[in-house]
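Trainee: The file below is run_24.pdb, PDB, C-alpha atoms:
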```
ATOM      1  CA  MET A   1     -17.733 -12.118 -31.282
ATOM      2  CA  ASN A   2     -14.946  -9.557 -31.128
ATOM      3  CA  ALA A   3     -13.052  -9.565 -34.413
ATOM      4  CA  ASN A   4      -9.902  -8.228 -32.767
ATOM      5  CA  THR A   5      -7.355 -11.087 -32.673
ATOM      6  CA  ALA A   6      -4.202  -9.136 -31.751
ATOM      7  CA  LYS A   7      -2.549 -10.473 -28.627
ATOM      8  CA  CYS A   8      -1.191  -8.412 -25.747
ATOM      9  CA  GLU A   9       2.481  -7.585 -26.279
ATOM     10  CA  ILE A  10       3.252  -8.331 -22.620
ATOM     11  CA  CYS A  11       1.523 -11.627 -21.834
ATOM     12  CA  ALA A  12       0.970 -12.768 -25.444
ATOM     13  CA  THR A  13      -2.166 -14.508 -24.157
ATOM     14  CA  ARG A  14      -5.050 -12.106 -23.672
ATOM     15  CA  PRO A  15      -6.378 -10.125 -26.655
ATOM     16  CA  VAL A  16      -5.806  -6.399 -27.030
ATOM     17  CA  PRO A  17      -9.147  -4.832 -26.010
ATOM     18  CA  SER A  18     -11.301  -2.483 -28.040
ATOM     19  CA  LEU A  19     -10.565   1.240 -28.248
ATOM     20  CA  ARG A  20     -13.487   1.931 -25.907
ATOM     21  CA  VAL A  21     -12.052  -0.336 -23.215
ATOM     22  CA  ARG A  22      -8.570   1.136 -23.709
ATOM     23  CA  ASP A  23     -10.009   4.633 -23.293
ATOM     24  CA  GLU A  24     -11.836   3.644 -20.102
ATOM     25  CA  ALA A  25      -8.660   2.079 -18.712
ATOM     26  CA  GLY A  26      -6.627   5.215 -19.396
ATOM     27  CA  MET A  27      -4.469   3.530 -22.034
ATOM     28  CA  SER A  28      -3.095   5.233 -25.125
ATOM     29  CA  ARG A  29      -4.893   4.040 -28.221
ATOM     30  CA  ASP A  30      -1.663   2.777 -29.755
ATOM     31  CA  MET A  31      -0.904   0.529 -26.780
ATOM     32  CA  LYS A  32      -1.112  -3.156 -27.621
ATOM     33  CA  TYR A  33      -1.648  -4.394 -24.079
ATOM     34  CA  CYS A  34      -4.530  -6.112 -22.332
ATOM     35  CA  VAL A  35      -6.046  -4.266 -19.381
ATOM     36  CA  PRO A  36      -4.650  -6.593 -16.674
ATOM     37  CA  CYS A  37      -1.072  -6.226 -17.964
ATOM     38  CA  PHE A  38      -1.466  -2.457 -18.254
ATOM     39  CA  GLU A  39      -2.827  -2.261 -14.721
ATOM     40  CA  GLU A  40      -0.043  -4.508 -13.418
ATOM     41  CA  ALA A  41       2.551  -2.182 -14.969
ATOM     42  CA  ASN A  42       0.906   0.788 -13.264
ATOM     43  CA  TRP A  43       0.996  -1.025  -9.940
ATOM     44  CA  GLU A  44       4.679  -1.822 -10.441
ATOM     45  CA  ASN A  45       5.346   1.906 -10.837
ATOM     46  CA  THR A  46       3.160   2.797  -7.861
ATOM     47  CA  HIS A  47       4.829   0.097  -5.773
ATOM     48  CA  SER A  48       8.286   1.413  -6.616
ATOM     49  CA  ASP A  49       7.544   5.150  -6.503
ATOM     50  CA  GLY A  50       5.463   4.783  -3.353
ATOM     51  CA  ALA A  51       8.227   2.905  -1.486
ATOM     52  CA  HIS A  52       5.906   0.043  -0.572
ATOM     53  CA  GLU A  53       8.823  -2.146   0.486
ATOM     54  CA  GLY A  54      10.783  -1.517   3.645
ATOM     55  CA  PHE A  55       8.756   1.448   4.894
ATOM     56  CA  GLU A  56       7.998  -0.323   8.190
ATOM     57  CA  THR A  57      11.723  -0.283   9.063
ATOM     58  CA  LEU A  58      12.077   3.479   8.693
ATOM     59  CA  THR A  59      12.899   5.514  11.772
ATOM     60  CA  VAL A  60      12.341   9.192  12.462
ATOM     61  CA  ARG A  61      15.955   9.982  11.605
ATOM     62  CA  LYS A  62      16.235   7.735   8.544
ATOM     63  CA  GLY A  63      12.930   8.955   7.105
ATOM     64  CA  GLY A  64      13.524  12.623   7.803
ATOM     65  CA  PHE A  65      10.403  12.980   9.958
ATOM     66  CA  LYS A  66      10.005  15.605  12.668
ATOM     67  CA  ASN A  67       8.884  13.176  15.337
ATOM     68  CA  LYS A  68       7.532   9.681  15.982
ATOM     69  CA  ALA A  69       3.893  10.795  15.689
ATOM     70  CA  GLU A  70       4.514  12.106  12.168
ATOM     71  CA  LEU A  71       6.319   8.900  11.237
ATOM     72  CA  GLU A  72       3.520   6.671  12.551
ATOM     73  CA  ALA A  73       0.864   8.727  10.757
ATOM     74  CA  TRP A  74       2.795   8.323   7.506
ATOM     75  CA  LYS A  75       3.195   4.576   8.052
ATOM     76  CA  ALA A  76      -0.538   4.208   8.726
ATOM     77  CA  GLU A  77      -1.296   5.988   5.447
ATOM     78  CA  LYS A  78       1.216   3.800   3.638
ATOM     79  CA  ARG A  79      -0.367   0.626   5.057
ATOM     80  CA  GLU A  80      -3.738   1.660   3.682
ATOM     81  CA  GLU A  81      -2.195   2.470   0.312
ATOM     82  CA  THR A  82      -0.549  -0.936   0.013
ATOM     83  CA  LYS A  83      -3.740  -2.898   0.734
ATOM     84  CA  ALA A  84      -4.829  -2.684  -2.909
ATOM     85  CA  CYS A  85      -1.350  -3.021  -4.419
ATOM     86  CA  TRP A  86      -1.036  -5.942  -6.827
ATOM     87  CA  ILE A  87       2.690  -6.217  -6.111
ATOM     88  CA  CYS A  88       2.329  -6.240  -2.337
ATOM     89  CA  HIS A  89      -0.595  -8.669  -2.627
ATOM     90  CA  PRO A  90      -0.046 -11.022  -5.595
ATOM     91  CA  GLU A  91      -3.419 -12.653  -4.937
ATOM     92  CA  LEU A  92      -5.051  -9.459  -6.268
ATOM     93  CA  ASN A  93      -3.053  -9.504  -9.496
ATOM     94  CA  GLU A  94      -5.458 -10.002 -12.420
ATOM     95  CA  ALA A  95      -2.542 -10.297 -14.848
ATOM     96  CA  THR A  96      -1.223 -13.522 -13.331
ATOM     97  CA  ARG A  97      -4.544 -15.345 -13.379
ATOM     98  CA  GLU A  98      -5.075 -18.048 -15.943
ATOM     99  CA  TYR A  99      -6.923 -16.760 -18.994
ATOM    100  CA  THR A 100      -9.414 -19.085 -20.654
ATOM    101  CA  PRO A 101     -11.386 -17.467 -23.484
ATOM    102  CA  ARG A 102     -15.029 -18.446 -23.624
ATOM    103  CA  GLU A 103     -16.484 -18.992 -27.059
ATOM    104  CA  GLY A 104     -19.213 -16.566 -28.006
ATOM    105  CA  THR A 105     -18.324 -14.004 -25.335
ATOM    106  CA  SER A 106     -16.049 -10.995 -25.140
ATOM    107  CA  ARG A 107     -12.337 -11.773 -25.073
ATOM    108  CA  GLU A 108     -11.174  -8.384 -24.003
ATOM    109  CA  GLY A 109      -9.340  -9.791 -21.005
ATOM    110  CA  MET A 110     -11.013  -8.074 -18.063
ATOM    111  CA  VAL A 111     -14.339  -6.444 -17.300
ATOM    112  CA  VAL A 112     -13.893  -2.765 -16.460
ATOM    113  CA  ASN A 113     -16.717  -1.994 -14.046
ATOM    114  CA  VAL A 114     -15.529   1.549 -13.397
ATOM    115  CA  PRO A 115     -13.092   3.698 -15.425
ATOM    116  CA  ILE A 116      -9.658   2.982 -13.937
ATOM    117  CA  ARG A 117      -8.415   6.581 -14.128
ATOM    118  CA  ALA A 118     -11.659   8.265 -12.965
ATOM    119  CA  ALA A 119     -11.975  10.443  -9.864
ATOM    120  CA  ALA A 120     -13.051   8.830  -6.605
ATOM    121  CA  SER A 121     -16.500  10.476  -6.701
ATOM    122  CA  VAL A 122     -17.100   9.212 -10.247
ATOM    123  CA  LYS A 123     -16.148   5.661  -9.248
ATOM    124  CA  ALA A 124     -18.461   5.828  -6.250
ATOM    125  CA  ILE A 125     -21.360   7.079  -8.405
ATOM    126  CA  ILE A 126     -20.848   4.437 -11.105
ATOM    127  CA  THR A 127     -20.526   1.668  -8.510
ATOM    128  CA  ALA A 128     -23.704   2.817  -6.744
ATOM    129  CA  ALA A 129     -25.597   3.008 -10.039
ATOM    130  CA  ARG A 130     -24.536  -0.536 -10.920
ATOM    131  CA  VAL A 131     -25.629  -1.808  -7.515
ATOM    132  CA  ALA A 132     -29.007  -0.087  -7.889
ATOM    133  CA  GLY A 133     -29.418  -1.174 -11.498
ATOM    134  CA  ILE A 134     -29.742   2.431 -12.653
ATOM    135  CA  GLU A 135     -28.851   2.780 -16.334
ATOM    136  CA  SER A 136     -29.413   6.525 -16.671
ATOM    137  CA  ILE A 137     -27.728   8.661 -14.043
ATOM    138  CA  GLU A 138     -28.196  12.424 -13.579
ATOM    139  CA  SER A 139     -25.807  14.595 -15.572
ATOM    140  CA  THR A 140     -24.187  16.484 -12.692
ATOM    141  CA  GLU A 141     -22.384  14.988  -9.723
ATOM    142  CA  ALA A 142     -24.594  16.697  -7.124
ATOM    143  CA  LYS A 143     -27.802  15.541  -8.835
ATOM    144  CA  ALA A 144     -26.470  12.020  -9.303
ATOM    145  CA  ILE A 145     -25.571  11.791  -5.617
ATOM    146  CA  ARG A 146     -29.090  12.936  -4.664
ATOM    147  CA  GLN A 147     -30.612  10.439  -7.097
ATOM    148  CA  LEU A 148     -28.610   7.601  -5.541
ATOM    149  CA  ARG A 149     -29.365   8.756  -1.992
ATOM    150  CA  ALA A 150     -33.034   8.255  -2.812
ATOM    151  CA  GLN A 151     -32.149   4.601  -3.472
ATOM    152  CA  GLY A 152     -30.432   4.276  -0.089
ATOM    153  CA  LEU A 153     -26.894   4.681  -1.486
ATOM    154  CA  VAL A 154     -25.018   7.451   0.310
ATOM    155  CA  ILE A 155     -21.917   8.961  -1.284
ATOM    156  CA  GLU A 156     -19.620  11.122   0.814
ATOM    157  CA  VAL A 157     -17.004  13.200  -1.029
ATOM    158  CA  ALA A 158     -14.276  14.710   1.145
ATOM    159  CA  LYS A 159     -12.620  18.081   0.656
ATOM    160  CA  PHE A 160      -9.502  16.633  -0.951
ATOM    161  CA  GLY A 161     -11.368  14.316  -3.328
ATOM    162  CA  ASP A 162     -11.525  10.967  -1.575
ATOM    163  CA  ALA A 163     -14.947   9.336  -1.555
ATOM    164  CA  LYS A 164     -16.962   6.781   0.373
ATOM    165  CA  LEU A 165     -20.027   4.815  -0.744
ATOM    166  CA  VAL A 166     -22.270   3.516   2.033
ATOM    167  CA  CYS A 167     -25.385   1.380   1.727
ATOM    168  CA  ALA A 168     -26.947   0.538   5.101
ATOM    169  CA  LYS A 169     -29.671  -1.570   3.492
ATOM    170  CA  ARG A 170     -27.214  -3.951   1.817
ATOM    171  CA  GLY A 171     -24.585  -3.502   4.515
ATOM    172  CA  PHE A 172     -21.565  -2.446   2.533
ATOM    173  CA  VAL A 173     -18.964   0.339   2.496
ATOM    174  CA  MET A 174     -16.533   1.143  -0.323
ATOM    175  CA  GLU A 175     -13.762   3.779  -0.205
ATOM    176  CA  TRP A 176     -11.470   5.456  -2.771
ATOM    177  CA  ASP A 177      -8.623   7.889  -2.094
ATOM    178  CA  ALA A 178      -8.131  11.357  -3.602
ATOM    179  CA  ARG A 179      -6.334   9.854  -6.604
ATOM    180  CA  GLY A 180      -9.267   7.568  -7.327
ATOM    181  CA  ARG A 181      -7.505   4.440  -6.087
ATOM    182  CA  PHE A 182      -9.614   1.837  -4.305
ATOM    183  CA  ILE A 183      -8.687   1.735  -0.607
ATOM    184  CA  THR A 184     -10.966  -0.743   1.096
ATOM    185  CA  GLY A 185     -14.395  -2.320   1.037
ATOM    186  CA  GLN A 186     -16.618  -4.242   3.405
ATOM    187  CA  LEU A 187     -19.815  -6.229   2.839
ATOM    188  CA  GLY A 188     -21.188  -7.306   6.188
ATOM    189  CA  ASP A 189     -18.301  -9.041   7.947
ATOM    190  CA  ARG A 190     -16.518  -9.773   4.684
ATOM    191  CA  LYS A 191     -13.695  -7.694   3.234
ATOM    192  CA  VAL A 192     -14.255  -6.715  -0.409
ATOM    193  CA  ARG A 193     -11.142  -6.198  -2.526
ATOM    194  CA  ASN A 194     -12.644  -4.359  -5.521
ATOM    195  CA  VAL A 195     -15.844  -3.261  -7.278
ATOM    196  CA  SER A 196     -16.040  -6.456  -9.334
ATOM    197  CA  GLU A 197     -16.103  -8.575  -6.202
ATOM    198  CA  LEU A 198     -18.768  -6.388  -4.591
ATOM    199  CA  LEU A 199     -21.039  -6.688  -7.631
ATOM    200  CA  ARG A 200     -20.469 -10.439  -7.782
ATOM    201  CA  LEU A 201     -21.292 -10.935  -4.095
ATOM    202  CA  ILE A 202     -24.408  -8.761  -4.276
ATOM    203  CA  SER A 203     -25.545 -10.597  -7.390
ATOM    204  CA  SER A 204     -25.118 -13.963  -5.643
ATOM    205  CA  GLU A 205     -27.297 -12.753  -2.755
ATOM    206  CA  ALA A 206     -30.154 -11.732  -5.074
TER     207      ALA A 206
END
```
Let's see the structure in the file written out as structure tokens.
Mentor:
Amino acid sequence: MNANTAKCEICATRPVPSLRVRDEAGMSRDMKYCVPCFEEANWENTHSDGAHEGFETLTVRKGGFKNKAELEAWKAEKREETKACWICHPELNEATREYTPREGTSREGMVVNVPIRAAASVKAIITAARVAGIESIESTEAKAIRQLRAQGLVIEVAKFGDAKLVCAKRGFVMEWDARGRFITGQLGDRKVRNVSELLRLISSEA
């Protein structure tokens, strides 16, 4: 059992995770937060800085756009960006979910399936490896992508850094933007909201 008993300074409920988990989440080692509260704070900043509220009411003149086509393209991009936002979609917010520690198991607050601050291609590779049950992945990105392709997991990395993971055999698609943020996912006819849900659904099908 984890000996760390310090509680998160924000929620005062979940434990402060280990240094390894804090590193993976992109937290400073002196931060005394749980991962969900840290991630929620990041989403609050993204929500505010990204103008997630009220963007649909902008006009060409008010938004300083050249024309309607440019405005609509920007709005379409903004709609995609807000799909994963915990503030726009409170149902995605891990920090507001009830926390019930289970005796004999980790109490670190949230399972980090992929490093939160990693590049899109890295997240796609790690997700694919977890789906395939591969514990040892090739050391370079190109080799890792070839290794996963051999397992039927195709990773497409765009010029500007966004990435897509496609598996025709299992019928799913996962996408991350150039900043490594999860955009959207689909498993069959079902929308997938994050990597954790994808792994859970695939595991339940096995």
Trainee: So which residues get picked by the PyMOL selection byres ((chain A and resi 119) around 9) here, written as JSON, numbers by chain?
Mentor: {"A": [115, 116, 117, 118, 120, 121, 122, 123, 124, 161, 162, 163, 176, 177, 178, 179, 180, 181]}
Trainee: Would you mind telling me which residue in A:Glu91, A:Glu98, A:Glu53, A:Glu175 lies nearest to A:Thr127 when using only C-alpha atoms?
Mentor: A:Glu175
Trainee: So which one's closest to A:Lys169, A:Ile10, A:Val131, A:Ile183, A:Ile137? Using all atoms listed in the file, please.
Mentor: A:Val131
Trainee: Around (3.4, 7.2, 8.1) in the file's own coordinates, what residues are found within 12 Å if you use only C-alpha atoms, given back as JSON, numbers by chain?
Mentor: {"A": [50, 51, 52, 55, 56, 57, 58, 59, 60, 63, 64, 65, 66, 67, 68, 69, 70, 71, 72, 73, 74, 75, 76, 77, 78, 79, 80, 81]}
Trainee: Let me know the residues the PyMOL selection byres ((chain A and resi 148) around 9) catches in the file above, as a list in words.
Mentor: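 After applying the PyMOL selection byres ((chain A and resi 148) around 9), what remains is Ile125, Ala128, Ala129, Ala132, Ile134, Ile137, Lys143, Ala144, Ile145, Arg146, Gln147, Arg149, Ala150, Gln151, Gly152, Leu153, Val154 and Ile155 of chain A.
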Trainee: If I take atom CA of A:Val166 and atom CA of A:Asn42, how far is one from the other in Å, to one decimal?
Mentor: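 Going from atom CA of A:Val166 over to atom CA of A:Asn42 covers 27.9 Å.
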Trainee: The PyMOL selection byres ((chain A and resi 8) around 12) on the file shown: which residues, as an NGL selection string?
Mentor: :A and (4-7 or 9-18 or 30-38 or 95 or 107-109)
Trainee: A:Cys88, A:Ala25, A:Ala41, A:Val195: which is nearest A:Gly54, counting only C-alpha atoms?
Mentor: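 With only C-alpha atoms as the atom set, the closest residue is A:Cys88.
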Trainee: How many Å lie between atom CA of A:Leu92 and atom CA of A:Val173, rounded to one decimal?
Mentor: 19.1 Å
Trainee: Could you name the residues that touch A:Leu187 at 7 Å or less, counting all atoms listed in the file, but leaving out those on the same chain fewer than 3 positions away, as a list in words?
Mentor: Gly171, Phe172, Val173, Arg190, Lys191 and Val192 of chain A
Trainee: Between atom CA of A:Phe182 and atom CA of A:Asn194, what is the spacing in Å?
Mentor: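 So the answer is 7.0 Å.
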Trainee: For a quick check of understanding, using all atoms listed in the file, which of A:Arg130, A:Arg22, A:His47, A:Arg97 has the smallest distance to A:Ser196?
Mentor: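 The shortest atom-to-atom distance to A:Ser196 comes from A:Arg130.
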Trainee: Mind filling out stretch 47-61 of chain A with N, CA and C atoms and sending it as a CSV table (one decimal), in the frame of the given file?
Mentor:
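After the write, out-v5.csv holds the following:
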```
chain,number,residue,atom,x,y,z
A,47,HIS,N,4.1,0.9,-6.8
A,47,HIS,CA,4.8,0.1,-5.8
A,47,HIS,C,6.2,0.6,-5.6
A,48,SER,N,6.9,0.9,-6.7
A,48,SER,CA,8.3,1.4,-6.6
A,48,SER,C,8.3,2.9,-6.2
A,49,ASP,N,7.5,3.7,-6.8
A,49,ASP,CA,7.5,5.2,-6.5
A,49,ASP,C,7.0,5.4,-5.1
A,50,GLY,N,6.1,4.6,-4.7
A,50,GLY,CA,5.5,4.8,-3.4
A,50,GLY,C,6.2,4.1,-2.2
A,51,ALA,N,7.4,3.5,-2.5
A,51,ALA,CA,8.2,2.9,-1.5
A,51,ALA,C,7.4,1.9,-0.6
A,52,HIS,N,6.7,1.0,-1.3
A,52,HIS,CA,5.9,0.0,-0.6
A,52,HIS,C,6.7,-1.0,0.2
A,53,GLU,N,8.0,-1.2,-0.2
A,53,GLU,CA,8.8,-2.1,0.5
A,53,GLU,C,9.7,-1.4,1.5
A,54,GLY,N,9.8,-2.0,2.7
A,54,GLY,CA,10.8,-1.5,3.6
A,54,GLY,C,10.3,-0.3,4.4
A,55,PHE,N,9.1,0.2,4.2
A,55,PHE,CA,8.8,1.4,4.9
A,55,PHE,C,8.6,1.2,6.4
A,56,GLU,N,8.2,0.0,6.8
A,56,GLU,CA,8.0,-0.3,8.2
A,56,GLU,C,9.3,-0.2,9.0
A,57,THR,N,10.4,-0.3,8.3
A,57,THR,CA,11.7,-0.3,9.1
A,57,THR,C,12.3,1.1,9.2
A,58,LEU,N,11.6,2.1,8.6
A,58,LEU,CA,12.1,3.5,8.7
A,58,LEU,C,12.0,4.0,10.1
A,59,THR,N,12.9,4.8,10.5
A,59,THR,CA,12.9,5.5,11.8
A,59,THR,C,12.7,7.0,11.5
A,60,VAL,N,12.5,7.7,12.6
A,60,VAL,CA,12.3,9.2,12.5
A,60,VAL,C,13.5,9.8,11.8
A,61,ARG,N,14.7,9.4,12.2
A,61,ARG,CA,16.0,10.0,11.6
A,61,ARG,C,16.2,9.6,10.2
```
